[in-house]
>>> print(open('entry36.pdb').read())   # PDB, C-alpha atoms
ATOM      1  CA  MET A   1       0.000   0.000   0.000
ATOM      2  CA  LEU A   2       1.224   3.414  -0.999
ATOM      3  CA  LEU A   3       0.088   5.071   2.238
ATOM      4  CA  ARG A   4       2.187   2.716   4.352
ATOM      5  CA  ASP A   5       5.234   2.948   2.132
ATOM      6  CA  PRO A   6       8.103   4.653   4.026
ATOM      7  CA  ASP A   7       9.252   6.245   0.734
ATOM      8  CA  PHE A   8       5.823   7.833   0.336
ATOM      9  CA  LYS A   9       5.852   9.189   3.872
ATOM     10  CA  TYR A  10       9.383  10.501   3.436
ATOM     11  CA  GLY A  11       8.393  12.223   0.174
ATOM     12  CA  LEU A  12       5.276  13.653   1.801
ATOM     13  CA  LYS A  13       7.404  15.161   4.565
ATOM     14  CA  LYS A  14       9.857  16.648   2.069
ATOM     15  CA  GLY A  15       6.936  18.200   0.198
ATOM     16  CA  ILE A  16       5.552  20.154   3.181
ATOM     17  CA  PRO A  17       7.828  23.214   2.887
ATOM     18  CA  ILE A  18       7.301  23.323  -0.893
ATOM     19  CA  ALA A  19       3.534  23.214  -0.401
ATOM     20  CA  LEU A  20       3.605  26.025   2.146
ATOM     21  CA  GLY A  21       5.894  28.084  -0.087
ATOM     22  CA  TYR A  22       3.547  27.563  -3.019
ATOM     23  CA  VAL A  23       0.547  29.049  -1.234
ATOM     24  CA  PRO A  24       1.663  32.722  -1.438
ATOM     25  CA  VAL A  25       2.885  32.304  -5.034
ATOM     26  CA  ALA A  26      -0.338  30.607  -6.176
ATOM     27  CA  PHE A  27      -2.201  33.252  -4.207
ATOM     28  CA  THR A  28      -0.551  35.899  -6.388
ATOM     29  CA  PHE A  29      -1.529  33.876  -9.444
ATOM     30  CA  GLY A  30      -5.162  33.732  -8.320
ATOM     31  CA  ILE A  31      -5.152  37.511  -7.920
ATOM     32  CA  LEU A  32      -3.572  38.022 -11.342
ATOM     33  CA  ALA A  33      -6.070  35.754 -13.088
ATOM     34  CA  VAL A  34      -9.244  37.017 -11.436
ATOM     35  CA  SER A  35      -8.291  40.692 -11.667
ATOM     36  CA  GLY A  36      -7.837  40.070 -15.403
ATOM     37  CA  GLY A  37     -11.420  38.834 -15.706
ATOM     38  CA  ILE A  38     -10.869  35.061 -15.499
ATOM     39  CA  PRO A  39     -13.504  33.302 -13.328
ATOM     40  CA  PRO A  40     -12.148  31.930 -10.015
ATOM     41  CA  SER A  41     -13.072  28.362 -10.996
ATOM     42  CA  VAL A  42     -11.044  28.629 -14.203
ATOM     43  CA  ALA A  43      -8.070  30.100 -12.300
ATOM     44  CA  VAL A  44      -8.103  27.007 -10.059
ATOM     45  CA  LEU A  45      -8.506  24.771 -13.120
ATOM     46  CA  ILE A  46      -5.378  26.348 -14.649
ATOM     47  CA  SER A  47      -3.388  25.636 -11.485
ATOM     48  CA  MET A  48      -4.642  22.053 -11.222
ATOM     49  CA  THR A  49      -3.896  21.196 -14.864
ATOM     50  CA  ASN A  50      -0.711  23.218 -15.423
ATOM     51  CA  LEU A  51       0.989  23.093 -12.007
ATOM     52  CA  THR A  52       3.784  25.423 -13.011
ATOM     53  CA  SER A  53       4.659  28.983 -12.099
ATOM     54  CA  ALA A  54       6.287  30.912 -14.936
ATOM     55  CA  GLY A  55       4.452  29.101 -17.732
ATOM     56  CA  GLN A  56       0.939  29.552 -16.393
ATOM     57  CA  PHE A  57       1.588  33.160 -15.326
ATOM     58  CA  ALA A  58       2.699  34.000 -18.871
ATOM     59  CA  GLY A  59      -0.049  31.963 -20.541
ATOM     60  CA  THR A  60      -2.736  33.524 -18.349
ATOM     61  CA  LYS A  61      -1.463  37.042 -19.064
ATOM     62  CA  LEU A  62      -1.755  36.241 -22.778
ATOM     63  CA  ILE A  63      -5.295  34.857 -22.336
ATOM     64  CA  ILE A  64      -6.257  38.100 -20.590
ATOM     65  CA  ALA A  65      -4.609  40.136 -23.370
ATOM     66  CA  GLY A  66      -6.685  38.212 -25.936
ATOM     67  CA  ALA A  67      -3.686  36.680 -27.721
ATOM     68  CA  PRO A  68      -4.222  33.984 -30.383
ATOM     69  CA  LEU A  69      -4.211  30.366 -29.139
ATOM     70  CA  PHE A  70      -1.073  29.532 -31.112
ATOM     71  CA  GLU A  71       0.897  32.307 -29.438
ATOM     72  CA  ILE A  72      -0.335  31.225 -25.995
ATOM     73  CA  ALA A  73       0.710  27.620 -26.623
ATOM     74  CA  LEU A  74       4.097  28.552 -28.099
ATOM     75  CA  THR A  75       5.040  30.984 -25.326
ATOM     76  CA  THR A  76       4.033  28.523 -22.624
ATOM     77  CA  PHE A  77       5.950  25.750 -24.356
ATOM     78  CA  VAL A  78       9.168  27.775 -24.668
ATOM     79  CA  ILE A  79       9.033  28.661 -20.978
ATOM     80  CA  ASN A  80       8.544  24.972 -20.162
ATOM     81  CA  ILE A  81      11.317  23.560 -22.332
ATOM     82  CA  ARG A  82      13.582  23.575 -19.267
ATOM     83  CA  TYR A  83      11.475  20.673 -17.972
ATOM     84  CA  LEU A  84      12.991  18.500 -20.708
ATOM     85  CA  LEU A  85      16.330  18.800 -18.949
ATOM     86  CA  MET A  86      14.849  18.256 -15.503
ATOM     87  CA  SER A  87      12.817  15.276 -16.646
ATOM     88  CA  PHE A  88      15.905  13.804 -18.295
ATOM     89  CA  ALA A  89      17.974  14.332 -15.163
ATOM     90  CA  LEU A  90      15.301  12.583 -13.054
ATOM     91  CA  SER A  91      15.132   9.697 -15.549
ATOM     92  CA  GLN A  92      18.667   8.914 -14.412
ATOM     93  CA  LYS A  93      17.723   9.014 -10.752
ATOM     94  CA  LEU A  94      14.513   6.998 -10.805
ATOM     95  CA  VAL A  95      14.720   3.357  -9.697
ATOM     96  CA  PRO A  96      15.408   1.671 -13.070
ATOM     97  CA  ASN A  97      12.529  -0.846 -13.112
ATOM     98  CA  THR A  98       9.822   1.820 -12.655
ATOM     99  CA  SER A  99       7.085   1.173 -15.251
ATOM    100  CA  MET A 100       6.295   3.571 -18.083
ATOM    101  CA  LEU A 101       2.804   4.272 -16.720
ATOM    102  CA  LYS A 102       4.225   5.229 -13.352
ATOM    103  CA  ARG A 103       6.828   7.407 -15.044
ATOM    104  CA  ALA A 104       4.125   9.140 -17.101
ATOM    105  CA  LEU A 105       2.080   9.761 -13.934
ATOM    106  CA  ILE A 106       4.760  11.281 -11.737
ATOM    107  CA  SER A 107       6.221  13.380 -14.536
ATOM    108  CA  PHE A 108       3.081  15.522 -14.250
ATOM    109  CA  GLY A 109       4.359  16.650 -10.867
ATOM    110  CA  ILE A 110       7.825  17.784 -11.920
ATOM    111  CA  THR A 111       8.165  21.437 -10.950
ATOM    112  CA  ASP A 112      11.311  23.478 -10.385
ATOM    113  CA  GLU A 113      11.076  22.767  -6.666
ATOM    114  CA  THR A 114      10.019  19.102  -6.638
ATOM    115  CA  PHE A 115      12.680  18.483  -9.271
ATOM    116  CA  ALA A 116      15.356  20.190  -7.193
ATOM    117  CA  LEU A 117      14.500  18.247  -4.028
ATOM    118  CA  ALA A 118      14.321  14.923  -5.891
ATOM    119  CA  ALA A 119      17.534  15.584  -7.840
ATOM    120  CA  LEU A 120      19.382  16.534  -4.656
ATOM    121  CA  GLU A 121      18.437  13.286  -2.863
ATOM    122  CA  LYS A 122      21.500  11.151  -2.166
ATOM    123  CA  ASP A 123      19.996   7.864  -3.340
ATOM    124  CA  ASP A 124      17.835   6.710  -6.224
ATOM    125  CA  ILE A 125      14.224   7.813  -6.002
ATOM    126  CA  SER A 126      11.117   5.619  -6.229
ATOM    127  CA  PHE A 127       7.603   6.077  -7.603
ATOM    128  CA  SER A 128       6.173   6.229  -4.053
ATOM    129  CA  TYR A 129       8.673   8.905  -3.062
ATOM    130  CA  MET A 130       7.698  11.068  -6.048
ATOM    131  CA  VAL A 131       3.956  10.652  -5.374
ATOM    132  CA  GLY A 132       4.523  11.707  -1.766
ATOM    133  CA  LEU A 133       6.709  14.630  -2.783
ATOM    134  CA  ILE A 134       4.197  15.939  -5.331
ATOM    135  CA  CYS A 135       1.027  15.431  -3.283
ATOM    136  CA  LEU A 136       1.066  18.388  -0.879
ATOM    137  CA  PRO A 137       2.646  20.947  -3.247
ATOM    138  CA  TYR A 138      -0.120  20.095  -5.750
ATOM    139  CA  TRP A 139      -2.853  20.908  -3.235
ATOM    140  CA  GLY A 140      -0.918  23.892  -1.898
ATOM    141  CA  TRP A 141      -0.803  25.271  -5.426
ATOM    142  CA  ALA A 142      -4.533  24.687  -5.990
ATOM    143  CA  LEU A 143      -5.572  26.000  -2.575
ATOM    144  CA  GLY A 144      -3.371  29.103  -2.833
ATOM    145  CA  THR A 145      -4.923  29.893  -6.208
ATOM    146  CA  ALA A 146      -8.441  29.511  -4.824
ATOM    147  CA  LEU A 147      -7.644  31.788  -1.872
ATOM    148  CA  GLY A 148      -6.090  34.421  -4.125
ATOM    149  CA  ALA A 149      -9.006  34.236  -6.547
ATOM    150  CA  VAL A 150     -11.568  34.702  -3.774
ATOM    151  CA  VAL A 151      -9.961  37.400  -1.630
ATOM    152  CA  PHE A 152      -8.072  39.278  -4.325
ATOM    153  CA  SER A 153      -9.750  42.593  -3.734
ATOM    154  CA  VAL A 154      -9.286  42.611   0.036
ATOM    155  CA  LEU A 155      -5.507  42.285   0.190
ATOM    156  CA  PRO A 156      -3.457  45.500   0.181
ATOM    157  CA  GLY A 157      -1.094  45.953  -2.756
ATOM    158  CA  LEU A 158       1.985  45.985  -0.519
ATOM    159  CA  VAL A 159       1.433  42.414   0.660
ATOM    160  CA  GLN A 160       0.862  41.329  -2.950
ATOM    161  CA  ASN A 161       4.165  42.907  -3.986
ATOM    162  CA  ALA A 162       6.053  41.297  -1.130
ATOM    163  CA  MET A 163       4.795  37.827  -2.077
ATOM    164  CA  GLY A 164       6.381  38.154  -5.505
ATOM    165  CA  ILE A 165       9.747  37.251  -4.003
ATOM    166  CA  ALA A 166       8.624  33.954  -2.399
ATOM    167  CA  LEU A 167       9.476  31.681  -5.327
ATOM    168  CA  TYR A 168      12.941  33.154  -5.781
ATOM    169  CA  ALA A 169      13.643  32.933  -2.065
ATOM    170  CA  MET A 170      12.833  29.209  -2.245
ATOM    171  CA  PHE A 171      15.224  28.835  -5.168
ATOM    172  CA  ILE A 172      17.945  30.533  -3.095
ATOM    173  CA  ALA A 173      17.213  28.190  -0.190
ATOM    174  CA  LEU A 174      17.750  25.236  -2.536
ATOM    175  CA  ILE A 175      20.969  26.529  -4.142
ATOM    176  CA  VAL A 176      22.960  28.034  -1.276
ATOM    177  CA  PRO A 177      23.520  24.942   0.902
ATOM    178  CA  GLY A 178      25.020  23.103  -2.100
ATOM    179  CA  GLY A 179      27.166  26.096  -3.000
ATOM    180  CA  LYS A 180      28.541  26.231   0.535
ATOM    181  CA  LYS A 181      29.782  22.660   0.332
ATOM    182  CA  SER A 182      31.214  22.659  -3.183
ATOM    183  CA  ARG A 183      33.312  25.199  -5.064
ATOM    184  CA  ALA A 184      32.288  23.502  -8.309
ATOM    185  CA  VAL A 185      28.594  24.140  -7.592
ATOM    186  CA  LEU A 186      29.414  27.748  -6.717
ATOM    187  CA  ALA A 187      31.228  28.165 -10.045
ATOM    188  CA  VAL A 188      28.324  26.622 -11.992
ATOM    189  CA  VAL A 189      25.893  28.956 -10.221
ATOM    190  CA  ALA A 190      28.118  31.963 -10.990
ATOM    191  CA  ILE A 191      28.274  31.050 -14.679
ATOM    192  CA  ALA A 192      24.501  30.522 -14.895
ATOM    193  CA  VAL A 193      23.801  33.849 -13.178
ATOM    194  CA  THR A 194      26.280  35.705 -15.392
ATOM    195  CA  ILE A 195      24.719  34.341 -18.567
ATOM    196  CA  SER A 196      21.144  35.050 -17.491
ATOM    197  CA  SER A 197      22.216  38.593 -16.510
ATOM    198  CA  LEU A 198      23.748  39.099 -19.950
ATOM    199  CA  PHE A 199      20.527  37.930 -21.591
ATOM    200  CA  THR A 200      18.551  40.315 -19.387
ATOM    201  CA  TRP A 201      20.624  43.469 -19.791
ATOM    202  CA  ALA A 202      23.077  43.252 -22.707
ATOM    203  CA  PRO A 203      21.924  45.037 -25.849
ATOM    204  CA  GLY A 204      20.958  42.575 -28.576
ATOM    205  CA  LEU A 205      20.854  39.617 -26.183
ATOM    206  CA  LYS A 206      17.930  40.960 -24.173
ATOM    207  CA  GLN A 207      15.508  40.225 -27.015
ATOM    208  CA  VAL A 208      15.816  36.541 -26.090
ATOM    209  CA  SER A 209      12.783  35.363 -24.078
ATOM    210  CA  ALA A 210      13.054  34.297 -20.445
ATOM    211  CA  GLY A 211      12.312  30.688 -21.392
ATOM    212  CA  TRP A 212      15.241  30.436 -23.783
ATOM    213  CA  THR A 213      17.517  32.357 -21.413
ATOM    214  CA  THR A 214      17.001  29.732 -18.715
ATOM    215  CA  ILE A 215      17.740  26.934 -21.150
ATOM    216  CA  ILE A 216      20.866  28.536 -22.649
ATOM    217  CA  ALA A 217      22.255  29.529 -19.246
ATOM    218  CA  THR A 218      21.576  26.060 -17.793
ATOM    219  CA  LEU A 219      23.142  24.209 -20.711
ATOM    220  CA  ALA A 220      26.245  26.436 -20.794
ATOM    221  CA  ALA A 221      26.800  26.366 -17.025
ATOM    222  CA  CYS A 222      26.363  22.573 -16.766
ATOM    223  CA  LEU A 223      28.617  22.036 -19.779
ATOM    224  CA  ALA A 224      31.316  24.168 -18.134
ATOM    225  CA  GLY A 225      30.761  22.303 -14.861
ATOM    226  CA  ALA A 226      31.036  18.872 -16.473
ATOM    227  CA  ILE A 227      34.248  19.869 -18.323
ATOM    228  CA  LEU A 228      35.985  21.806 -15.537
ATOM    229  CA  PHE A 229      34.740  19.849 -12.530
ATOM    230  CA  PRO A 230      33.831  16.287 -13.539
ATOM    231  CA  ARG A 231      32.434  14.501 -10.488
ATOM    232  CA  GLU A 232      34.452  11.742  -8.866
ATOM    233  CA  GLU A 233      31.515   9.702  -7.648
ATOM    234  CA  VAL A 234      28.289  10.112  -9.581
TER     235      VAL A 234
ATOM    236  CA  MET B   1     -15.317  31.204 -22.370
ATOM    237  CA  TYR B   2     -14.739  28.456 -24.921
ATOM    238  CA  ARG B   3     -11.572  30.227 -26.053
ATOM    239  CA  ILE B   4     -10.276  30.419 -22.471
ATOM    240  CA  LEU B   5     -10.869  26.706 -21.852
ATOM    241  CA  ALA B   6      -9.177  25.812 -25.138
ATOM    242  CA  ALA B   7      -6.185  27.940 -24.127
ATOM    243  CA  VAL B   8      -6.037  26.260 -20.702
ATOM    244  CA  LEU B   9      -6.088  22.820 -22.314
ATOM    245  CA  LEU B  10      -3.317  23.769 -24.752
ATOM    246  CA  MET B  11      -1.225  25.206 -21.915
ATOM    247  CA  ALA B  12      -1.671  22.003 -19.914
ATOM    248  CA  ILE B  13      -0.536  19.902 -22.882
ATOM    249  CA  VAL B  14       2.564  21.940 -23.719
ATOM    250  CA  THR B  15       3.475  21.950 -20.031
ATOM    251  CA  TYR B  16       3.069  18.194 -19.638
ATOM    252  CA  ILE B  17       4.952  17.097 -22.770
ATOM    253  CA  PRO B  18       8.457  18.362 -21.878
ATOM    254  CA  ARG B  19       8.007  16.985 -18.357
ATOM    255  CA  ALA B  20       6.872  13.573 -19.437
ATOM    256  CA  VAL B  21       8.718  12.623 -22.599
ATOM    257  CA  PRO B  22      12.305  12.224 -21.326
ATOM    258  CA  MET B  23      11.406  10.508 -18.066
ATOM    259  CA  THR B  24       8.797   8.191 -19.565
ATOM    260  CA  PHE B  25      10.697   7.030 -22.620
ATOM    261  CA  PHE B  26      14.312   7.267 -21.556
ATOM    262  CA  ARG B  27      14.844   4.365 -19.219
ATOM    263  CA  LYS B  28      18.473   3.492 -19.789
ATOM    264  CA  ARG B  29      21.070   4.454 -17.203
ATOM    265  CA  LEU B  30      23.884   6.486 -18.719
ATOM    266  CA  THR B  31      27.294   5.687 -17.365
ATOM    267  CA  SER B  32      29.280   8.486 -18.975
ATOM    268  CA  ARG B  33      31.015  10.477 -16.272
ATOM    269  CA  PHE B  34      30.605  13.604 -18.392
ATOM    270  CA  ILE B  35      26.823  13.299 -18.712
ATOM    271  CA  ARG B  36      26.333  12.338 -15.078
ATOM    272  CA  SER B  37      28.401  15.350 -13.996
ATOM    273  CA  PHE B  38      26.397  17.568 -16.351
ATOM    274  CA  LEU B  39      23.085  16.356 -14.912
ATOM    275  CA  TYR B  40      24.354  16.738 -11.353
ATOM    276  CA  TYR B  41      24.757  20.468 -11.960
ATOM    277  CA  VAL B  42      21.355  20.972 -13.659
ATOM    278  CA  PRO B  43      19.309  21.868 -10.544
ATOM    279  CA  TYR B  44      21.836  24.437  -9.371
ATOM    280  CA  ALA B  45      22.296  26.026 -12.799
ATOM    281  CA  ALA B  46      18.590  26.118 -13.713
ATOM    282  CA  LEU B  47      17.444  27.564 -10.389
ATOM    283  CA  ALA B  48      20.284  30.109 -10.373
ATOM    284  CA  ALA B  49      19.505  31.268 -13.917
ATOM    285  CA  MET B  50      15.811  31.616 -13.090
ATOM    286  CA  THR B  51      16.495  33.505  -9.859
ATOM    287  CA  PHE B  52      18.950  36.143 -10.955
ATOM    288  CA  PRO B  53      18.336  38.758 -12.220
ATOM    289  CA  ALA B  54      14.549  38.043 -12.261
ATOM    290  CA  ILE B  55      14.403  38.394  -8.459
ATOM    291  CA  LEU B  56      15.328  42.080  -8.795
ATOM    292  CA  TYR B  57      12.064  42.716 -10.628
ATOM    293  CA  SER B  58       9.842  40.534  -8.440
ATOM    294  CA  THR B  59       8.615  43.105  -5.926
ATOM    295  CA  GLY B  60       7.902  46.282  -7.866
ATOM    296  CA  ASP B  61      11.015  48.173  -6.714
ATOM    297  CA  LEU B  62      14.737  47.449  -6.753
ATOM    298  CA  ALA B  63      15.577  48.449  -3.173
ATOM    299  CA  SER B  64      13.089  46.112  -1.498
ATOM    300  CA  ALA B  65      14.054  43.303  -3.888
ATOM    301  CA  LEU B  66      17.747  43.694  -2.968
ATOM    302  CA  ILE B  67      16.909  43.646   0.735
ATOM    303  CA  GLY B  68      14.679  40.591   0.301
ATOM    304  CA  MET B  69      17.395  38.833  -1.672
ATOM    305  CA  GLY B  70      19.979  39.685   0.999
ATOM    306  CA  VAL B  71      17.780  38.275   3.753
ATOM    307  CA  ALA B  72      17.092  35.124   1.685
ATOM    308  CA  LEU B  73      20.822  34.606   1.078
ATOM    309  CA  VAL B  74      21.700  34.956   4.763
ATOM    310  CA  LEU B  75      18.878  32.651   5.916
ATOM    311  CA  ALA B  76      19.791  30.121   3.213
ATOM    312  CA  PHE B  77      23.453  30.282   4.227
ATOM    313  CA  TYR B  78      22.434  29.195   7.708
ATOM    314  CA  GLU B  79      20.328  26.442   6.070
ATOM    315  CA  LYS B  80      17.020  27.586   7.545
ATOM    316  CA  GLY B  81      14.898  25.591   5.071
ATOM    317  CA  LEU B  82      12.589  26.567   2.213
ATOM    318  CA  LEU B  83       9.706  27.995   4.176
ATOM    319  CA  ILE B  84      11.662  30.141   6.657
ATOM    320  CA  VAL B  85      13.750  31.560   3.805
ATOM    321  CA  ALA B  86      10.623  32.381   1.774
ATOM    322  CA  LEU B  87       8.726  33.926   4.707
ATOM    323  CA  GLY B  88      11.823  35.845   5.822
ATOM    324  CA  ALA B  89      12.237  37.335   2.344
ATOM    325  CA  ILE B  90       8.531  38.243   2.116
ATOM    326  CA  ALA B  91       8.671  39.938   5.534
ATOM    327  CA  ALA B  92      11.857  41.826   4.611
ATOM    328  CA  VAL B  93      10.323  43.092   1.357
ATOM    329  CA  PHE B  94       7.103  44.059   3.107
ATOM    330  CA  LEU B  95       8.876  45.998   5.867
ATOM    331  CA  SER B  96      11.267  47.736   3.504
ATOM    332  CA  GLN B  97       8.387  48.855   1.298
ATOM    333  CA  ILE B  98       6.663  50.358   4.321
ATOM    334  CA  PHE B  99       9.707  52.126   5.729
ATOM    335  CA  LEU B 100      11.708  53.148   2.643
TER     336      LEU B 100
END
>>> encode(input="entry36.pdb", output="structure tokens")
Amino acid sequence: MLLRDPDFKYGLKKGIPIALGYVPVAFTFGILAVSGGIPPSVAVLISMTNLTSAGQFAGTKLIIAGAPLFEIALTTFVINIRYLLMSFALSQKLVPNTSMLKRALISFGITDETFALAALEKDDISFSYMVGLICLPYWGWALGTALGAVVFSVLPGLVQNAMGIALYAMFIALIVPGGKKSRAVLAVVAIAVTISSLFTWAPGLKQVSAGWTTIIATLAACLAGAILFPREEV
Amino acid sequence: MYRILAAVLLMAIVTYIPRAVPMTFFRKRLTSRFIRSFLYYVPYAALAAMTFPAILYSTGDLASALIGMGVALVLAFYEKGLLIVALGAIAAVFLSQIFL
């Protein structure tokens, strides 16, 4: 039984902080969607079927702006291409005999945060672990959206602004401990940050969309890492 | 309304595909030290690239974003965990927007 599986329970526990961190971010999403004229029920539907931050924020903004369906799909896809890399990385970490159906199921729950926690586990990861890990963040994301959609008009703008930083703060919490322990990780992070800064500010380069920037910076930084600091034991 | 639901469905599909395809269909373990090193660095590189400089524009003004980022870095350095780091950064941004 899944519920008695220690891997499931362990995953569930690891998912708690992600779930709680998702609430304010999803809350902001709920506000964005409903203030743009999307019904609260549809805002929650978006969160429960997309389960992603950047992609659904961008897609929803385009829906509100009345963009053509093709543009909405393409923009969302480009932002989500980074998941190819994450999904590939997890394919190497999943217990090898996991069935294709199980793989297809848990891949729905790959987000930046669940990916990072799963990828940073010391040992191989199982289907039960992934289900546990995904479970609470999924409901945190849905619940946060519902709350934001319902109370969007009551909350002062200052609190809304402050919540914008929550996702990035979680990213920092995931990166820094690894950077403290390994100079190689620190170097990879520095390269990634430098490249994404160039693509944000340098003339000519800043035309590149945020989705592509993440992909280019990730590929280049990991390539440099693998060449300069190949791992002894991987 | 129909257009919105169609857009939501399309978004869900183009979000699911890149997540599912590699993990579902690529089942072989790669042994190359190069590729395994590359993949080891992916979480750090991807999260770092997504965080900076986007974090600077996440709060509506640069000063509060810098303060929030500073607080997040310090809390993360002392390994306070995801939630404390996130709440600490939100509180720092909120307070700095009130007082600055």
>>> atom_distance(input="entry36.pdb", atom1="CA of Ser37 in chain B", atom2="CA of Cys222 in chain A")
8.0 Å
>>> closest_residue(input="entry36.pdb", among="B:Ile35, B:Ile17, B:Leu5, B:Ala54", to="Thr214 in chain A", atoms="all atoms listed in the file")
B:Ala54
>>> residues_around(input="entry36.pdb", residues="Asn97 in chain A", least_positions_apart="4", cutoff="10 Å", atoms="all atoms listed in the file", output="PyMOL selection string")
(chain A and resi 126) or (chain B and resi 27-28)
>>> write_last_selection(input="entry36.pdb", atoms="C-alpha atoms", output="PDB file, keeping the file's coordinate frame")
ATOM      1  CA  SER A 126      11.117   5.619  -6.229  1.00  0.00           C
TER       2      SER A 126
ATOM      3  CA  ARG B  27      14.844   4.365 -19.219  1.00  0.00           C
ATOM      4  CA  LYS B  28      18.473   3.492 -19.789  1.00  0.00           C
TER       5      LYS B  28
END
>>> resolve_selection(input="entry36.pdb", expression="the PyMOL selection byres ((chain B and resi 58) around 6)", output="ChimeraX atom specification")
/A:164-165 /B:55-57,59
>>> atom_distance(input="entry36.pdb", atom1="CA of Pro203 in chain A", atom2="CA of Ala48 in chain B")
21.6 Å
>>> residues_near_point(input="entry36.pdb", point="(27.6, 20.9, -1.0)", cutoff="12 Å", atoms="all atoms listed in the file", output="ChimeraX atom specification")
/A:120,122,174-186 /B:40-41,44,77,79
>>> closest_residue(input="entry36.pdb", among="A:Ala220, A:Ala146, A:Ala116, A:Ala19", to="chain B", atoms="only C-alpha atoms")
A:Ala116
>>> decode(input="entry36.pdb", residues="range 10-15 of chain A", atoms="all heavy atoms", output="mmCIF file, in the first residue's frame")
data_model
loop_
_atom_site.group_PDB
_atom_site.id
_atom_site.type_symbol
_atom_site.label_atom_id
_atom_site.label_comp_id
_atom_site.auth_asym_id
_atom_site.auth_seq_id
_atom_site.Cartn_x
_atom_site.Cartn_y
_atom_site.Cartn_z
ATOM 1 N N TYR A 10 8.192 9.646 3.497
ATOM 2 C CA TYR A 10 9.383 10.501 3.436
ATOM 3 C C TYR A 10 9.189 11.611 2.399
ATOM 4 O O TYR A 10 9.469 12.786 2.662
ATOM 5 C CB TYR A 10 10.602 9.643 3.100
ATOM 6 C CG TYR A 10 11.873 10.421 2.859
ATOM 7 C CD1 TYR A 10 12.478 11.128 3.898
ATOM 8 C CD2 TYR A 10 12.459 10.453 1.597
ATOM 9 C CE1 TYR A 10 13.637 11.844 3.679
ATOM 10 C CE2 TYR A 10 13.622 11.159 1.368
ATOM 11 C CZ TYR A 10 14.213 11.854 2.417
ATOM 12 O OH TYR A 10 15.359 12.562 2.184
ATOM 13 N N GLY A 11 8.656 11.242 1.220
ATOM 14 C CA GLY A 11 8.393 12.223 0.174
ATOM 15 C C GLY A 11 7.380 13.263 0.625
ATOM 16 O O GLY A 11 7.552 14.470 0.402
ATOM 17 N N LEU A 12 6.328 12.765 1.299
ATOM 18 C CA LEU A 12 5.276 13.653 1.801
ATOM 19 C C LEU A 12 5.878 14.717 2.717
ATOM 20 O O LEU A 12 5.585 15.906 2.614
ATOM 21 C CB LEU A 12 4.256 12.808 2.572
ATOM 22 C CG LEU A 12 2.788 13.229 2.570
ATOM 23 C CD1 LEU A 12 2.236 13.341 1.170
ATOM 24 C CD2 LEU A 12 1.969 12.227 3.370
ATOM 25 N N LYS A 13 6.766 14.252 3.614
ATOM 26 C CA LYS A 13 7.404 15.161 4.565
ATOM 27 C C LYS A 13 8.259 16.195 3.834
ATOM 28 O O LYS A 13 8.238 17.383 4.151
ATOM 29 C CB LYS A 13 8.268 14.338 5.542
ATOM 30 C CG LYS A 13 8.566 15.070 6.832
ATOM 31 C CD LYS A 13 9.422 14.235 7.775
ATOM 32 C CE LYS A 13 8.656 13.131 8.485
ATOM 33 N NZ LYS A 13 9.560 12.245 9.260
ATOM 34 N N LYS A 14 9.001 15.723 2.819
ATOM 35 C CA LYS A 14 9.857 16.648 2.069
ATOM 36 C C LYS A 14 9.036 17.671 1.286
ATOM 37 O O LYS A 14 9.533 18.736 0.932
ATOM 38 C CB LYS A 14 10.751 15.870 1.096
ATOM 39 C CG LYS A 14 11.725 14.930 1.769
ATOM 40 C CD LYS A 14 12.907 15.660 2.336
ATOM 41 C CE LYS A 14 14.039 15.681 1.339
ATOM 42 N NZ LYS A 14 15.285 16.177 1.898
ATOM 43 N N GLY A 15 7.778 17.309 0.992
ATOM 44 C CA GLY A 15 6.936 18.200 0.198
ATOM 45 C C GLY A 15 6.276 19.311 1.005
ATOM 46 O O GLY A 15 5.796 20.290 0.423
#
